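Chemist: Please see the structure below; I have some questions.
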Amino acid sequence: MQMTQRNLRRINIFSPSETPGDYVGTKIVPELIGFVYAEVFPDKSVLTDERDGKRTSAGATLIMRREAGVKCGDLASVYGEDADSRVVEARLYPGHLTVRTERL
């Protein structure tokens with residue numbers, strides 16, 4: 001898949017690492033791994049009924065180079081500089097990598 005340079009955005013990729021919390025347990029702190037350039041296609045926001053009330057879920061689909069190395073569970077900065085999305089699916093194709101994210 002041929003990507004156009006002007007449509008690419010820089011996406012920071014983070015690894016979730018656990019650190020001891022202030023009081024009890026651990027908390028997840030995003031640790032910057034690096035960045036990739038990807039073409040971003042935002043998904044439509046969906047309002048769903050769940051057991052604890054209504055929830056709005058949003059995300060994006062990212063298309064990037066095959067060698068990017070992004071995997072499920074990584075965190076990404078799709079909408080800003082900080083980690084704001086979680087990678088929920090990564091599909092490897094012969095010419096590119098398609099990653100689906102879910103907003104945190």
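Identifiers in the structure tokens: chain A, B, ... in order shown; residue index from 1 per chain; ligand index from 1 in order shown.
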For A:Ser15, list every protein, DNA or RNA residue within 6 Å, evaluated using only C-alpha atoms, and leave out those in the same chain fewer than 6 positions away; present the list as a PyMOL selection string.

Modeler: chain A and resi 30-31+74

Chemist: Excluding stretch 38-55 of chain A and residues on its chain fewer than 4 positions from it, collect all residues at most 7 Å away from it, counting only C-alpha atoms, and give them as JSON, numbers by chain.

Modeler: {"A": [7, 8, 9, 10, 11, 59, 60, 61, 62, 63, 64]}

Chemist: Which one of A:Thr19, A:Tyr37, A:Leu104, A:Val87 sits closest to A:Arg6 if you count only C-alpha atoms?

Modeler: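 Ranking A:Thr19, A:Tyr37, A:Leu104, A:Val87 by distance to A:Arg6, first place goes to A:Tyr37.
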
Chemist: Using only C-alpha atoms, which protein or nucleic acid residues come within 9 Å of A:Lys27? Drop anything in the same chain fewer than 5 positions from it, and give the result as a count of residues only.

Modeler: 6

Chemist: Running DSSP on the backbone, which parts of chain A land in helix (DSSP H, G or I), as a ChimeraX atom specification?

Modeler: /A:5-7,66-68

Chemist: Counting only C-alpha atoms, what is within 7 Å of A:Arg103, bar same-chain residues fewer than 5 positions away, as a CSV table (one decimal) with N, CA and C atoms, in the first residue's frame?

Modeler:
chain,number,residue,atom,x,y,z
A,57,SER,N,-17.7,5.1,23.3
A,57,SER,CA,-16.4,4.5,22.9
A,57,SER,C,-16.0,5.1,21.5
A,58,ALA,N,-14.8,5.5,21.4
A,58,ALA,CA,-14.3,6.1,20.2
A,58,ALA,C,-12.9,5.5,20.0
A,59,GLY,N,-12.4,5.7,18.8
A,59,GLY,CA,-11.0,5.2,18.5
A,59,GLY,C,-10.6,5.6,17.2
A,84,ASP,N,-3.2,8.5,24.9
A,84,ASP,CA,-4.6,8.6,25.0
A,84,ASP,C,-5.4,7.5,24.4
A,85,SER,N,-4.7,6.5,23.8
A,85,SER,CA,-5.4,5.4,23.1
A,85,SER,C,-4.7,4.1,23.4
A,86,ARG,N,-5.4,3.0,23.4
A,86,ARG,CA,-4.8,1.7,23.6
A,86,ARG,C,-5.0,0.9,22.3

Chemist: Calculate how many Å separate atom CA of A:Val29 from atom CA of A:Ala83, rounding to one decimal.

Modeler: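 Atom CA of A:Ala83 lies 9.7 Å from atom CA of A:Val29.
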
Chemist: Need to verify the contact set: A:Arg66, 9 Å, only C-alpha atoms, exclusion of same-chain residues closer than 4 positions in sequence. Can you return it as a list in words?

Modeler: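 Near A:Arg66, the qualifying residues are Leu92, Tyr93, Pro94, Gly95, His96, Leu97 and Thr98 of chain A.
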
Chemist: Mind the document's chain letters and residue numbers, and return as an MDAnalysis selection string the residues of chain A that DSSP labels strand (DSSP E).

Modeler: chainID A and resid 8:20 26:42 46:50 53:57 59:64 75:76 85:92 97:103

Chemist: Pick from A:Leu32, A:Thr56, A:Thr4, A:Gly25: nearest to A:Asp82, with only C-alpha atoms counted?

Modeler: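 Distance minimum relative to A:Asp82 lands on A:Leu32.
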
Chemist: For A:Ser77, which residue out of A:Arg65, A:Gln5, A:Ala90, A:Phe14 is the nearest one, using only C-alpha atoms?

Modeler: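 That would be A:Phe14, the residue with the smallest distance to A:Ser77.
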
Chemist: For A:Glu89, work out the shell of residues within 9 Å, counting only C-alpha atoms and skipping chain neighbours fewer than 2 positions away, then give it as a list in words.

Modeler: Lys71, Cys72, Gly73, Val87, Arg91, Thr98, Val99, Arg100 and Thr101 of chain A

Chemist: Output the selection as a PDB file, in the first residue's frame - N, CA and C atoms for each residue.

Modeler:
ATOM      1  N   LYS A  71       2.271  -3.436  18.731  1.00  0.00           N
ATOM      2  CA  LYS A  71       1.536  -4.656  19.067  1.00  0.00           C
ATOM      3  C   LYS A  71       0.375  -4.343  19.997  1.00  0.00           C
ATOM      4  N   CYS A  72      -0.501  -5.313  20.173  1.00  0.00           N
ATOM      5  CA  CYS A  72      -1.662  -5.146  21.060  1.00  0.00           C
ATOM      6  C   CYS A  72      -1.194  -4.850  22.480  1.00  0.00           C
ATOM      7  N   GLY A  73      -1.891  -3.955  23.138  1.00  0.00           N
ATOM      8  CA  GLY A  73      -1.555  -3.583  24.501  1.00  0.00           C
ATOM      9  C   GLY A  73      -0.710  -2.326  24.602  1.00  0.00           C
ATOM     10  N   VAL A  87      -3.940   0.189  21.905  1.00  0.00           N
ATOM     11  CA  VAL A  87      -3.987  -0.653  20.709  1.00  0.00           C
ATOM     12  C   VAL A  87      -4.743  -1.931  21.057  1.00  0.00           C
ATOM     13  N   ARG A  91      -3.114  -5.899  12.692  1.00  0.00           N
ATOM     14  CA  ARG A  91      -3.160  -6.858  11.587  1.00  0.00           C
ATOM     15  C   ARG A  91      -2.007  -6.579  10.633  1.00  0.00           C
ATOM     16  N   THR A  98      -2.030  -2.575   9.884  1.00  0.00           N
ATOM     17  CA  THR A  98      -3.241  -1.858  10.253  1.00  0.00           C
ATOM     18  C   THR A  98      -3.482  -2.049  11.745  1.00  0.00           C
ATOM     19  N   VAL A  99      -3.601  -0.946  12.461  1.00  0.00           N
ATOM     20  CA  VAL A  99      -3.755  -0.970  13.921  1.00  0.00           C
ATOM     21  C   VAL A  99      -5.069  -0.281  14.274  1.00  0.00           C
ATOM     22  N   ARG A 100      -5.879  -0.933  15.104  1.00  0.00           N
ATOM     23  CA  ARG A 100      -7.119  -0.326  15.599  1.00  0.00           C
ATOM     24  C   ARG A 100      -6.891   0.084  17.049  1.00  0.00           C
ATOM     25  N   THR A 101      -7.306   1.302  17.387  1.00  0.00           N
ATOM     26  CA  THR A 101      -7.124   1.792  18.751  1.00  0.00           C
ATOM     27  C   THR A 101      -8.461   2.125  19.389  1.00  0.00           C
TER      28      THR A 101
END

Chemist: One decimal, Å: what's the distance from atom CA of A:Pro16 over to atom CA of A:Glu102, could you say?

Modeler: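 Computed distance, atom CA of A:Pro16 to atom CA of A:Glu102, equals 14.8 Å.
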
Chemist: Separation of atom CA of A:Thr26 and atom CA of A:Ala76, in Å?

Modeler: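 Going from atom CA of A:Thr26 over to atom CA of A:Ala76, I get 21.0 Å.
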